[in-house]
>>> print(open('model24.txt').read())   # compact mmCIF, C-alpha atoms
# COMPACT_ATOMS: atom_id res chain seq x y z
CA MET Q 283 -55.79 -26.49 32.67
CA SER Q 284 -57.87 -24.52 30.17
CA GLY Q 285 -59.69 -27.65 28.93
CA ASN Q 286 -62.00 -27.98 31.91
CA PRO Q 287 -60.98 -25.59 34.70
CA ALA Q 288 -61.95 -26.31 38.31
CA VAL Q 289 -65.01 -24.55 39.74
CA LEU Q 290 -62.85 -22.25 41.88
CA MET Q 291 -60.81 -21.12 38.86
CA ARG Q 292 -63.97 -20.43 36.86
CA LEU Q 293 -65.56 -18.54 39.77
CA LEU Q 294 -62.45 -16.41 40.26
CA ALA Q 295 -62.19 -15.77 36.50
CA SER Q 296 -65.82 -14.62 36.53
CA ALA Q 297 -65.26 -12.49 39.65
CA HIS Q 298 -62.38 -10.73 37.86
CA SER Q 299 -64.59 -9.75 34.89
CA VAL Q 300 -67.55 -8.97 37.16
CA ALA Q 301 -65.38 -6.66 39.33
CA GLU Q 302 -64.25 -4.80 36.20
CA ARG Q 303 -67.89 -4.34 35.14
CA ALA Q 304 -68.69 -3.06 38.67
CA GLY Q 305 -65.76 -0.65 38.44
CA ALA Q 306 -67.14 0.69 35.16
CA ILE Q 307 -70.53 1.19 36.84
CA VAL Q 308 -68.88 3.09 39.71
CA ARG Q 309 -67.13 5.40 37.21
CA LYS Q 310 -70.30 5.93 35.18
CA VAL Q 311 -72.35 6.97 38.22
CA LEU Q 312 -69.65 9.45 39.27
CA HIS Q 313 -69.50 10.98 35.80
CA SER Q 314 -73.32 11.30 35.73
CA GLY Q 315 -73.04 13.74 38.63
CA ASP Q 316 -75.99 12.21 40.51
CA LEU Q 317 -74.60 9.91 43.21
CA GLY Q 318 -77.98 9.18 44.84
CA ILE Q 319 -76.52 9.31 48.37
CA VAL Q 320 -78.43 7.95 51.37
CA GLU Q 321 -77.20 7.66 54.96
CA LYS Q 322 -77.41 4.13 56.40
CA THR Q 323 -76.43 4.59 60.05
CA GLY Q 324 -74.97 8.10 59.89
CA ALA Q 325 -72.80 10.56 57.96
CA ASN Q 326 -69.82 8.16 57.97
CA ASP Q 327 -71.90 5.21 56.71
CA LEU Q 328 -73.20 6.14 53.28
CA GLN Q 329 -74.69 4.31 50.33
CA THR Q 330 -74.79 5.62 46.77
CA LEU Q 331 -76.45 4.58 43.52
CA ALA Q 332 -73.04 3.13 42.56
CA ASP Q 333 -73.09 0.81 45.63
CA ARG Q 334 -76.57 -0.37 44.72
CA LEU Q 335 -76.02 -0.92 41.00
CA ALA Q 336 -72.58 -2.50 41.44
CA GLN Q 337 -73.87 -4.98 44.03
CA ARG Q 338 -76.83 -5.94 41.85
CA SER Q 339 -74.49 -6.45 38.92
CA ILE Q 340 -72.00 -8.56 40.91
CA CYS Q 341 -74.56 -10.78 42.64
CA ALA Q 342 -76.76 -11.36 39.58
CA SER Q 343 -73.77 -12.07 37.33
CA LEU Q 344 -72.22 -14.59 39.72
CA TYR Q 345 -75.51 -16.32 40.56
CA LYS Q 346 -76.35 -16.67 36.87
CA ARG Q 347 -73.24 -18.75 36.22
CA PHE Q 348 -72.84 -20.32 39.70
CA PRO Q 349 -76.36 -20.75 41.13
CA LYS Q 350 -75.28 -22.86 44.13
CA ILE Q 351 -72.73 -20.49 45.66
CA THR Q 352 -73.58 -18.29 48.67
CA VAL Q 353 -73.09 -14.56 48.04
CA ILE Q 354 -73.11 -12.08 50.94
CA GLY Q 355 -73.06 -8.42 49.93
CA GLU Q 356 -72.69 -5.29 52.03
CA GLU Q 357 -75.84 -3.59 50.83
CA ASP Q 358 -79.21 -4.77 52.07
CA LEU Q 359 -81.20 -4.41 48.85
CA PRO Q 360 -84.78 -5.38 47.99
CA ALA Q 361 -85.16 -8.31 45.60
CA GLU Q 362 -85.85 -7.08 42.10
CA GLU Q 363 -85.27 -8.00 38.49
CA VAL Q 364 -81.75 -7.07 37.39
CA LYS Q 365 -81.51 -5.40 33.99
CA GLU Q 366 -79.60 -7.38 31.37
CA ASP Q 367 -77.10 -4.55 30.86
CA LEU Q 368 -75.86 -5.11 34.43
CA ILE Q 369 -75.06 -8.78 33.80
CA GLU Q 370 -71.41 -9.62 33.07
CA ASN Q 371 -70.82 -12.98 31.37
CA GLY Q 372 -67.07 -12.66 30.74
CA GLN Q 373 -64.28 -14.63 32.40
CA ALA Q 374 -60.63 -13.61 32.70
CA GLU Q 375 -58.68 -15.91 30.37
CA GLU Q 376 -55.43 -15.35 32.30
CA ILE Q 377 -57.03 -17.07 35.32
CA LEU Q 378 -58.59 -19.91 33.36
CA GLN Q 379 -55.15 -20.70 31.89
CA LYS Q 380 -53.59 -21.26 35.32
CA THR Q 381 -53.50 -24.62 37.09
CA CYS Q 382 -55.70 -24.84 40.16
CA PRO Q 383 -53.85 -25.80 43.37
CA ALA Q 384 -54.47 -29.50 44.04
CA GLU Q 385 -56.28 -28.92 47.35
CA TYR Q 386 -58.98 -26.82 45.62
CA ARG Q 387 -59.58 -28.85 42.45
CA ALA Q 388 -62.55 -30.82 43.78
CA LEU Q 389 -64.36 -27.94 45.49
CA LYS Q 390 -68.06 -27.65 44.67
CA GLU Q 391 -70.09 -24.48 44.14
CA GLU Q 392 -72.18 -25.07 47.25
CA GLU Q 393 -69.02 -25.15 49.42
CA LEU Q 394 -67.98 -21.62 48.43
CA VAL Q 395 -69.00 -18.35 50.10
CA VAL Q 396 -68.47 -15.08 48.24
CA TRP Q 397 -68.17 -11.84 50.24
CA VAL Q 398 -68.87 -8.68 48.23
CA ASP Q 399 -68.21 -5.02 48.93
CA PRO Q 400 -69.47 -3.35 45.76
CA LEU Q 401 -67.83 -0.02 46.64
CA ASP Q 402 -65.32 0.06 49.49
CA GLY Q 403 -64.59 3.64 50.49
CA THR Q 404 -68.05 5.08 49.79
CA LYS Q 405 -67.46 8.18 51.94
CA GLU Q 406 -64.24 8.93 50.05
CA TYR Q 407 -66.05 8.32 46.74
CA THR Q 408 -68.57 11.04 47.63
CA GLU Q 409 -65.70 13.40 48.56
CA GLY Q 410 -63.64 12.88 45.41
CA LEU Q 411 -60.84 10.88 47.08
CA LEU Q 412 -61.06 8.41 44.23
CA ASP Q 413 -57.82 6.49 44.78
CA ASN Q 414 -59.32 5.20 48.08
CA VAL Q 415 -62.14 3.41 46.23
CA THR Q 416 -62.15 -0.34 45.47
CA VAL Q 417 -64.54 -3.12 44.46
CA LEU Q 418 -63.97 -6.25 46.57
CA ILE Q 419 -64.98 -9.84 45.78
CA GLY Q 420 -63.60 -12.49 48.14
CA ILE Q 421 -64.07 -16.26 48.00
CA ALA Q 422 -64.02 -18.39 51.16
CA HIS Q 423 -64.02 -22.14 51.77
CA ARG Q 424 -64.55 -23.67 55.22
CA GLY Q 425 -64.23 -20.24 56.78
CA ARG Q 426 -60.92 -19.38 55.15
CA ALA Q 427 -60.42 -16.61 52.59
CA ILE Q 428 -58.80 -18.50 49.69
CA ALA Q 429 -59.14 -16.23 46.66
CA GLY Q 430 -60.08 -12.67 45.87
CA VAL Q 431 -60.27 -9.75 43.47
CA ILE Q 432 -59.65 -6.05 44.12
CA ASN Q 433 -60.68 -3.63 41.38
CA GLN Q 434 -59.55 0.00 41.61
CA PRO Q 435 -62.02 1.85 39.35
CA PHE Q 436 -60.05 5.10 39.38
CA TYR Q 437 -56.49 3.79 39.20
CA ASN Q 438 -54.51 6.38 37.16
CA TYR Q 439 -57.17 9.09 37.59
CA GLN Q 440 -54.49 11.61 38.68
CA LEU Q 441 -53.14 11.48 35.10
CA GLY Q 442 -56.15 13.50 33.99
CA THR Q 443 -58.44 13.38 30.95
CA GLY Q 444 -57.79 10.54 28.55
CA ALA Q 445 -55.97 8.33 31.08
CA ASP Q 446 -56.71 4.60 30.94
CA LEU Q 447 -58.63 4.17 34.20
CA GLY Q 448 -58.89 1.10 36.39
CA ARG Q 449 -56.83 -1.87 37.54
CA THR Q 450 -57.73 -5.34 38.77
CA MET Q 451 -55.58 -7.31 41.22
CA TRP Q 452 -56.28 -10.91 42.13
CA GLY Q 453 -54.82 -13.76 44.14
CA MET Q 454 -55.33 -17.32 45.31
CA LEU Q 455 -53.65 -19.25 48.10
CA GLY Q 456 -51.12 -21.67 46.65
CA LEU Q 457 -51.06 -19.84 43.33
CA GLY Q 458 -49.90 -16.30 44.07
CA ALA Q 459 -50.99 -12.69 43.64
CA PHE Q 460 -51.22 -10.96 40.27
CA GLY Q 461 -52.02 -7.67 38.54
CA PHE Q 462 -49.52 -5.49 40.43
CA GLN Q 463 -45.82 -5.20 41.28
CA LEU Q 464 -45.18 -6.57 44.79
CA GLN Q 465 -42.93 -4.22 46.76
CA GLU Q 466 -41.84 -3.83 50.38
CA VAL Q 467 -41.28 -0.67 52.39
CA PRO Q 468 -37.57 0.13 52.01
CA GLY Q 469 -35.21 -0.57 54.90
CA GLU Q 470 -36.54 -0.88 58.43
CA ARG Q 471 -39.05 1.95 58.14
CA ARG Q 472 -42.33 1.36 59.96
CA ILE Q 473 -45.13 3.07 58.05
CA VAL Q 474 -48.57 2.47 59.54
CA THR Q 475 -51.75 2.98 57.53
CA THR Q 476 -54.96 3.44 59.48
CA THR Q 477 -58.49 4.78 59.32
CA ARG Q 478 -59.24 8.26 58.03
CA SER Q 479 -62.74 8.73 59.45
CA HIS Q 480 -63.31 6.11 62.19
CA SER Q 481 -60.53 6.82 64.69
CA ASN Q 482 -60.76 6.61 68.50
CA LYS Q 483 -58.45 6.20 71.50
CA LEU Q 484 -57.97 2.45 70.93
CA VAL Q 485 -56.91 3.10 67.35
CA THR Q 486 -54.48 5.91 68.21
CA ASP Q 487 -53.01 4.02 71.20
CA SER Q 488 -52.34 1.00 68.97
CA VAL Q 489 -50.83 3.07 66.17
CA ASP Q 490 -48.56 4.89 68.65
CA ALA Q 491 -47.47 1.58 70.21
CA MET Q 492 -46.03 0.47 66.85
CA GLU Q 493 -43.51 3.37 67.10
CA PRO Q 494 -44.07 4.29 63.45
CA HIS Q 495 -41.78 6.54 61.46
CA GLU Q 496 -44.85 7.68 59.53
CA VAL Q 497 -48.65 7.33 59.78
CA ILE Q 498 -50.96 7.42 56.75
CA ARG Q 499 -54.69 8.02 57.23
CA VAL Q 500 -56.78 6.92 54.27
CA GLY Q 501 -60.19 5.41 53.54
CA GLY Q 502 -61.10 1.90 52.44
CA ALA Q 503 -59.87 -1.45 53.76
CA GLY Q 504 -59.08 -2.65 50.25
CA ASN Q 505 -57.04 0.49 49.61
CA LYS Q 506 -54.98 -0.06 52.76
CA ILE Q 507 -54.12 -3.63 51.77
CA VAL Q 508 -53.05 -2.33 48.33
CA GLN Q 509 -50.70 0.05 50.18
CA LEU Q 510 -49.11 -2.95 51.95
CA LEU Q 511 -48.72 -4.87 48.69
CA GLU Q 512 -47.08 -1.93 46.91
CA GLY Q 513 -44.64 -0.98 49.66
CA LYS Q 514 -46.36 2.25 50.67
CA ALA Q 515 -47.11 0.97 54.20
CA SER Q 516 -45.75 -1.80 56.40
CA ALA Q 517 -48.77 -2.36 58.66
CA TYR Q 518 -52.52 -1.68 58.58
CA VAL Q 519 -53.63 -1.06 62.17
CA PHE Q 520 -57.32 -0.64 63.03
CA ALA Q 521 -57.98 -1.46 66.68
CA SER Q 522 -61.74 -1.06 66.65
CA PRO Q 523 -64.91 -2.75 65.46
CA GLY Q 524 -66.13 -1.23 62.20
CA CYS Q 525 -64.65 -3.35 59.44
CA LYS Q 526 -66.89 -6.15 58.15
CA LYS Q 527 -66.17 -9.51 56.53
CA TRP Q 528 -66.85 -8.13 53.03
CA ASP Q 529 -64.16 -5.48 53.68
CA THR Q 530 -61.47 -8.03 54.49
CA CYS Q 531 -62.19 -11.33 52.69
CA ALA Q 532 -60.81 -10.42 49.25
CA PRO Q 533 -57.91 -8.28 50.56
CA GLU Q 534 -56.93 -11.00 53.05
CA ALA Q 535 -56.85 -13.67 50.34
CA ILE Q 536 -54.64 -11.56 48.06
CA LEU Q 537 -52.37 -10.48 50.93
CA HIS Q 538 -51.95 -14.08 52.13
CA ALA Q 539 -51.30 -15.26 48.55
CA ALA Q 540 -48.47 -12.69 48.44
CA GLY Q 541 -46.98 -13.96 51.71
CA GLY Q 542 -48.55 -11.43 54.08
CA LYS Q 543 -50.96 -11.83 56.98
CA LEU Q 544 -54.27 -10.37 58.19
CA THR Q 545 -55.67 -11.11 61.65
CA ASP Q 546 -57.64 -9.43 64.41
CA MET Q 547 -55.67 -7.37 66.96
CA HIS Q 548 -55.12 -10.53 69.04
CA GLY Q 549 -53.42 -12.23 66.11
CA ASN Q 550 -56.35 -14.58 65.50
CA ALA Q 551 -57.70 -15.39 62.05
CA TYR Q 552 -61.19 -14.32 61.04
CA CYS Q 553 -63.73 -16.89 59.86
CA TYR Q 554 -65.67 -16.28 56.64
CA ASP Q 555 -68.35 -18.96 56.88
CA ALA Q 556 -71.81 -17.95 55.64
CA ASN Q 557 -73.27 -17.92 59.16
CA VAL Q 558 -70.66 -15.78 60.97
CA LYS Q 559 -71.45 -12.31 62.29
CA HIS Q 560 -70.49 -9.68 59.76
CA MET Q 561 -68.57 -7.34 62.06
CA ASN Q 562 -64.83 -7.84 62.59
CA SER Q 563 -65.26 -7.06 66.28
CA ALA Q 564 -61.61 -7.34 67.34
CA GLY Q 565 -60.22 -4.94 64.74
CA VAL Q 566 -57.76 -5.59 61.93
CA LEU Q 567 -53.98 -5.99 61.92
CA ALA Q 568 -52.42 -6.66 58.52
CA THR Q 569 -48.82 -6.77 57.32
CA LEU Q 570 -46.79 -7.95 54.35
CA ARG Q 571 -43.89 -8.93 56.62
CA ASN Q 572 -43.04 -9.09 60.37
CA HIS Q 573 -46.60 -9.63 61.58
CA GLN Q 574 -45.40 -10.91 64.93
CA TYR Q 575 -43.51 -7.69 65.66
CA TYR Q 576 -46.67 -5.60 65.24
CA ALA Q 577 -48.93 -8.10 67.04
CA SER Q 578 -46.54 -8.14 70.02
CA ARG Q 579 -46.78 -4.36 70.40
CA VAL Q 580 -50.57 -4.09 70.67
CA PRO Q 581 -51.24 -2.58 74.14
CA GLN Q 582 -52.80 -4.86 76.75
CA SER Q 583 -55.54 -2.26 77.34
CA VAL Q 584 -56.54 -2.56 73.68
CA LEU Q 585 -56.64 -6.36 73.79
CA GLN Q 586 -58.83 -6.24 76.88
CA ALA Q 587 -61.24 -3.79 75.20
CA LEU Q 588 -61.57 -5.83 71.99
CA LYS Q 589 -63.16 -9.25 72.37
CA SER Q 590 -61.88 -11.79 69.85
CA ASP Q 591 -64.60 -13.51 67.79
>>> encode(input="model24.txt", output="C-alpha cells")
Amino acid sequence: MSGNPAVLMRLLASAHSVAERAGAIVRKVLHSGDLGIVEKTGANDLQTLADRLAQRSICASLYKRFPKITVIGEEDLPAEEVKEDLIENGQAEEILQKTCPAEYRALKEEELVVWVDPLDGTKEYTEGLLDNVTVLIGIAHRGRAIAGVINQPFYNYQLGTGADLGRTMWGMLGLGAFGFQLQEVPGERRIVTTTRSHSNKLVTDSVDAMEPHEVIRVGGAGNKIVQLLEGKASAYVFASPGCKKWDTCAPEAILHAAGGKLTDMHGNAYCYDANVKHMNSAGVLATLRNHQYYASRVPQSVLQALKSD
C-alpha cells in the first residue's frame, strides 16, 4: 500500500512523527528547568510552556500537510506564527507500509477530526511523576474514534542518565494496535486504576463497587489506558466529569483496536464530532476485557448523578 497510501494512513503516519516531536519538546522544556507554569482554572488545572509549544507544533505540522482536517486542541492559544523548528514533516514508514482497512480507504481530509492533548498529565509533569505523562493525538470519523497515537516522552526514565527515552504506541480500528506488548492482568484479579488528584464520593463509590483486589491512583488518562494495555490494571474507573474528548479520543481508538472498550459510566459510547461539547460529563469506564462486568456494578446512585451525553 506504500505506492499511494490512503489519507487516513498518511495522517496517522504524520501524527506518529508529530507526537514524537512533541515528546521531544516536552523533554526539552523539563530539562531547561523553566516550565513556565500558569493556572487555568485552579491548582489542579495547569498549563506549562511544554503544553503550549507541543500544541503549536502538533497543530501547525498537521495543518501544513492536511489543511482540510479539523484539529481541536486542549490549550486555548492565541493565533501566532509558528517557528519552523517546531514543524515536523516526517511520517512513520511502518504505518505507510500497512494496508488501510477497506472501510477507511476513501475517507477525505475534511471528514476527519483530530483531538489533541499536547501534554496529558500536566500536574504530574510539574511534580516529576514523569511516567504519568503522555502526548495524545486521536483521529475521529463520524463521531467515532478510529485511530490514535500515544507518545510517552519519559518512557524508560527510571533507568537513569543515558537511557533511550520515549515510546510511541499507535492503533487503528480494523488494523490493530502497535508499539507495545499487549498483556492482560493475570488470573481473575481485579485491579482498578483511577484518578490521583480529582477524586470524590462518586469516584470512590464506583471504585469500591467493583470489589477490586487492588486500586492504583495515577495521573493522566492516556497513562491509565496504557496500564490496561500492558496488564497493570483491568479497569479504568472515573465516575465524574473532568475528562475531555482530547483525553480519551486517542486512547479509546488504541484500546478498541486492541479489543478493549471505553464508554461513559452508563456504558454509552462518546461522540467525537467537531461540534460536541468537550467535557466527558458521564465519566469514563475503560477495560481490556469483561467490560460488561464492570458496567453492571456501577452503583445506581452514580448513574443518577451522572447525566449521559
>>> closest_atom_pairs(input="model24.txt", of="segment 427-521 of chain Q", to="segment 369-377 of chain Q", cutoff="10 Å", atoms="only C-alpha atoms", output="CSV")
residue,atom,partner,partner_atom,distance
Q:Trp452,CA,Q:Ile377,CA,9.2
Q:Gly453,CA,Q:Ile377,CA,9.7
Q:Phe460,CA,Q:Ile377,CA,9.8
>>> write_last_selection(input="model24.txt", atoms="C-alpha atoms", output="compact mmCIF listing (two decimals), keeping the file's coordinate frame")
# COMPACT_ATOMS: atom_id res chain seq x y z
CA TRP Q 452 -56.28 -10.91 42.13
CA GLY Q 453 -54.82 -13.76 44.14
CA PHE Q 460 -51.22 -10.96 40.27
>>> residues_around(input="model24.txt", residues="segment 520-526 of chain Q", least_positions_apart="3", cutoff="10 Å", atoms="all atoms listed in the file", output="number ranges by chain")
Q: 356, 397, 399, 474-477, 480-489, 502-503, 517, 529-531, 546-548, 559-568, 580, 584-585, 587-589
>>> write_last_selection(input="model24.txt", atoms="C-alpha atoms", output="PDB file, in the coordinates of the input")
ATOM      1  CA  GLU Q 356     -72.690  -5.290  52.030  1.00  0.00           C
ATOM      2  CA  TRP Q 397     -68.170 -11.840  50.240  1.00  0.00           C
ATOM      3  CA  ASP Q 399     -68.210  -5.020  48.930  1.00  0.00           C
ATOM      4  CA  VAL Q 474     -48.570   2.470  59.540  1.00  0.00           C
ATOM      5  CA  THR Q 475     -51.750   2.980  57.530  1.00  0.00           C
ATOM      6  CA  THR Q 476     -54.960   3.440  59.480  1.00  0.00           C
ATOM      7  CA  THR Q 477     -58.490   4.780  59.320  1.00  0.00           C
ATOM      8  CA  HIS Q 480     -63.310   6.110  62.190  1.00  0.00           C
ATOM      9  CA  SER Q 481     -60.530   6.820  64.690  1.00  0.00           C
ATOM     10  CA  ASN Q 482     -60.760   6.610  68.500  1.00  0.00           C
ATOM     11  CA  LYS Q 483     -58.450   6.200  71.500  1.00  0.00           C
ATOM     12  CA  LEU Q 484     -57.970   2.450  70.930  1.00  0.00           C
ATOM     13  CA  VAL Q 485     -56.910   3.100  67.350  1.00  0.00           C
ATOM     14  CA  THR Q 486     -54.480   5.910  68.210  1.00  0.00           C
ATOM     15  CA  ASP Q 487     -53.010   4.020  71.200  1.00  0.00           C
ATOM     16  CA  SER Q 488     -52.340   1.000  68.970  1.00  0.00           C
ATOM     17  CA  VAL Q 489     -50.830   3.070  66.170  1.00  0.00           C
ATOM     18  CA  GLY Q 502     -61.100   1.900  52.440  1.00  0.00           C
ATOM     19  CA  ALA Q 503     -59.870  -1.450  53.760  1.00  0.00           C
ATOM     20  CA  ALA Q 517     -48.770  -2.360  58.660  1.00  0.00           C
ATOM     21  CA  ASP Q 529     -64.160  -5.480  53.680  1.00  0.00           C
ATOM     22  CA  THR Q 530     -61.470  -8.030  54.490  1.00  0.00           C
ATOM     23  CA  CYS Q 531     -62.190 -11.330  52.690  1.00  0.00           C
ATOM     24  CA  ASP Q 546     -57.640  -9.430  64.410  1.00  0.00           C
ATOM     25  CA  MET Q 547     -55.670  -7.370  66.960  1.00  0.00           C
ATOM     26  CA  HIS Q 548     -55.120 -10.530  69.040  1.00  0.00           C
ATOM     27  CA  LYS Q 559     -71.450 -12.310  62.290  1.00  0.00           C
ATOM     28  CA  HIS Q 560     -70.490  -9.680  59.760  1.00  0.00           C
ATOM     29  CA  MET Q 561     -68.570  -7.340  62.060  1.00  0.00           C
ATOM     30  CA  ASN Q 562     -64.830  -7.840  62.590  1.00  0.00           C
ATOM     31  CA  SER Q 563     -65.260  -7.060  66.280  1.00  0.00           C
ATOM     32  CA  ALA Q 564     -61.610  -7.340  67.340  1.00  0.00           C
ATOM     33  CA  GLY Q 565     -60.220  -4.940  64.740  1.00  0.00           C
ATOM     34  CA  VAL Q 566     -57.760  -5.590  61.930  1.00  0.00           C
ATOM     35  CA  LEU Q 567     -53.980  -5.990  61.920  1.00  0.00           C
ATOM     36  CA  ALA Q 568     -52.420  -6.660  58.520  1.00  0.00           C
ATOM     37  CA  VAL Q 580     -50.570  -4.090  70.670  1.00  0.00           C
ATOM     38  CA  VAL Q 584     -56.540  -2.560  73.680  1.00  0.00           C
ATOM     39  CA  LEU Q 585     -56.640  -6.360  73.790  1.00  0.00           C
ATOM     40  CA  ALA Q 587     -61.240  -3.790  75.200  1.00  0.00           C
ATOM     41  CA  LEU Q 588     -61.570  -5.830  71.990  1.00  0.00           C
ATOM     42  CA  LYS Q 589     -63.160  -9.250  72.370  1.00  0.00           C
TER      43      LYS Q 589
END
>>> atom_distance(input="model24.txt", atom1="atom CA of Met454 of chain Q", atom2="atom CA of His538 of chain Q")
8.3 Å
>>> atom_distance(input="model24.txt", atom1="atom CA of Pro383 of chain Q", atom2="atom CA of Leu457 of chain Q")
6.6 Å
>>> atom_distance(input="model24.txt", atom1="atom CA of Tyr576 of chain Q", atom2="atom CA of Ala556 of chain Q")
29.6 Å
>>> residues_around(input="model24.txt", residues="Gly448 of chain Q", least_positions_apart="2", cutoff="6 Å", atoms="only C-alpha atoms", output="PyMOL selection string")
chain Q and resi 434-437
>>> closest_residue(input="model24.txt", among="Q:Leu455, Q:Ala515, Q:Val508, Q:Leu401", to="Trp528 of chain Q", atoms="all atoms listed in the file")
Q:Leu401
>>> closest_residue(input="model24.txt", among="Q:Leu359, Q:Lys380, Q:Tyr407, Q:Leu418", to="Val311 of chain Q", atoms="all atoms listed in the file")
Q:Tyr407
>>> closest_residue(input="model24.txt", among="Q:Asp358, Q:Glu466, Q:Glu363, Q:Asp402", to="Thr416 of chain Q", atoms="only C-alpha atoms")
Q:Asp402
>>> closest_residue(input="model24.txt", among="Q:Ala535, Q:Cys341, Q:Val364, Q:Ala459", to="Ala297 of chain Q", atoms="only C-alpha atoms")
Q:Cys341
>>> residues_around(input="model24.txt", residues="Gly305 of chain Q", least_positions_apart="3", cutoff="10 Å", atoms="all atoms listed in the file", output="list of chain:residue names")
Q:Ser299, Q:Val300, Q:Ala301, Q:Glu302, Q:Val308, Q:Arg309, Q:Lys310, Q:Ala332, Q:Ala336, Q:Pro400, Q:Leu401, Q:Val415, Q:Thr416, Q:Val417, Q:Ile432, Q:Asn433, Q:Gln434, Q:Pro435, Q:Phe436, Q:Leu447, Q:Gly448, Q:Arg449, Q:Thr450
>>> closest_residue(input="model24.txt", among="Q:Thr569, Q:Lys543, Q:Asn557, Q:Gly410", to="Leu312 of chain Q", atoms="all atoms listed in the file")
Q:Gly410
>>> closest_residue(input="model24.txt", among="Q:Gln509, Q:Thr545, Q:Gln337, Q:Thr352", to="Lys390 of chain Q", atoms="only C-alpha atoms")
Q:Thr352
>>> decode(input="model24.txt", residues="segment 361-367 of chain Q", atoms="all heavy atoms", output="PDB file, in the first residue's frame")
ATOM      1  N   ALA Q 361      -3.605  32.972  18.135  1.00  0.00           N
ATOM      2  CA  ALA Q 361      -3.039  32.681  16.811  1.00  0.00           C
ATOM      3  C   ALA Q 361      -1.720  33.417  16.660  1.00  0.00           C
ATOM      4  O   ALA Q 361      -1.633  34.606  16.945  1.00  0.00           O
ATOM      5  CB  ALA Q 361      -4.020  33.111  15.727  1.00  0.00           C
ATOM      6  N   GLU Q 362      -0.697  32.700  16.251  1.00  0.00           N
ATOM      7  CA  GLU Q 362       0.593  33.348  16.012  1.00  0.00           C
ATOM      8  C   GLU Q 362       1.426  32.485  15.071  1.00  0.00           C
ATOM      9  O   GLU Q 362       1.172  31.289  14.905  1.00  0.00           O
ATOM     10  CB  GLU Q 362       1.349  33.597  17.320  1.00  0.00           C
ATOM     11  CG  GLU Q 362       1.693  32.356  18.102  1.00  0.00           C
ATOM     12  CD  GLU Q 362       2.483  32.683  19.369  1.00  0.00           C
ATOM     13  OE1 GLU Q 362       1.973  33.412  20.237  1.00  0.00           O
ATOM     14  OE2 GLU Q 362       3.619  32.191  19.477  1.00  0.00           O
ATOM     15  N   GLU Q 363       2.392  33.109  14.474  1.00  0.00           N
ATOM     16  CA  GLU Q 363       3.282  32.404  13.550  1.00  0.00           C
ATOM     17  C   GLU Q 363       4.058  31.336  14.307  1.00  0.00           C
ATOM     18  O   GLU Q 363       4.618  31.599  15.372  1.00  0.00           O
ATOM     19  CB  GLU Q 363       4.264  33.418  12.928  1.00  0.00           C
ATOM     20  CG  GLU Q 363       5.056  32.879  11.759  1.00  0.00           C
ATOM     21  CD  GLU Q 363       4.216  32.693  10.509  1.00  0.00           C
ATOM     22  OE1 GLU Q 363       3.214  33.424  10.344  1.00  0.00           O
ATOM     23  OE2 GLU Q 363       4.555  31.810   9.721  1.00  0.00           O
ATOM     24  N   VAL Q 364       4.062  30.112  13.757  1.00  0.00           N
ATOM     25  CA  VAL Q 364       4.796  29.025  14.409  1.00  0.00           C
ATOM     26  C   VAL Q 364       6.185  28.925  13.797  1.00  0.00           C
ATOM     27  O   VAL Q 364       6.343  28.869  12.583  1.00  0.00           O
ATOM     28  CB  VAL Q 364       4.034  27.690  14.246  1.00  0.00           C
ATOM     29  CG1 VAL Q 364       4.846  26.541  14.827  1.00  0.00           C
ATOM     30  CG2 VAL Q 364       2.669  27.780  14.938  1.00  0.00           C
ATOM     31  N   LYS Q 365       7.204  28.909  14.680  1.00  0.00           N
ATOM     32  CA  LYS Q 365       8.586  28.850  14.200  1.00  0.00           C
ATOM     33  C   LYS Q 365       8.830  27.550  13.441  1.00  0.00           C
ATOM     34  O   LYS Q 365       8.303  26.495  13.795  1.00  0.00           O
ATOM     35  CB  LYS Q 365       9.550  28.948  15.379  1.00  0.00           C
ATOM     36  CG  LYS Q 365       9.507  30.284  16.113  1.00  0.00           C
ATOM     37  CD  LYS Q 365      10.709  30.394  17.048  1.00  0.00           C
ATOM     38  CE  LYS Q 365      10.667  31.710  17.827  1.00  0.00           C
ATOM     39  NZ  LYS Q 365       9.823  31.629  19.006  1.00  0.00           N
ATOM     40  N   GLU Q 366       9.666  27.631  12.422  1.00  0.00           N
ATOM     41  CA  GLU Q 366       9.936  26.484  11.549  1.00  0.00           C
ATOM     42  C   GLU Q 366      10.500  25.300  12.324  1.00  0.00           C
ATOM     43  O   GLU Q 366      10.247  24.139  11.985  1.00  0.00           O
ATOM     44  CB  GLU Q 366      10.911  26.906  10.432  1.00  0.00           C
ATOM     45  CG  GLU Q 366      10.967  25.945   9.257  1.00  0.00           C
ATOM     46  CD  GLU Q 366       9.628  25.726   8.566  1.00  0.00           C
ATOM     47  OE1 GLU Q 366       8.852  26.696   8.430  1.00  0.00           O
ATOM     48  OE2 GLU Q 366       9.365  24.568   8.176  1.00  0.00           O
ATOM     49  N   ASP Q 367      11.250  25.579  13.411  1.00  0.00           N
ATOM     50  CA  ASP Q 367      11.849  24.457  14.144  1.00  0.00           C
ATOM     51  C   ASP Q 367      10.830  23.656  14.953  1.00  0.00           C
ATOM     52  O   ASP Q 367      11.150  22.618  15.524  1.00  0.00           O
ATOM     53  CB  ASP Q 367      12.999  24.941  15.054  1.00  0.00           C
ATOM     54  CG  ASP Q 367      12.532  25.886  16.152  1.00  0.00           C
ATOM     55  OD1 ASP Q 367      11.343  26.242  16.180  1.00  0.00           O
ATOM     56  OD2 ASP Q 367      13.361  26.276  16.992  1.00  0.00           O
TER      57      ASP Q 367
END
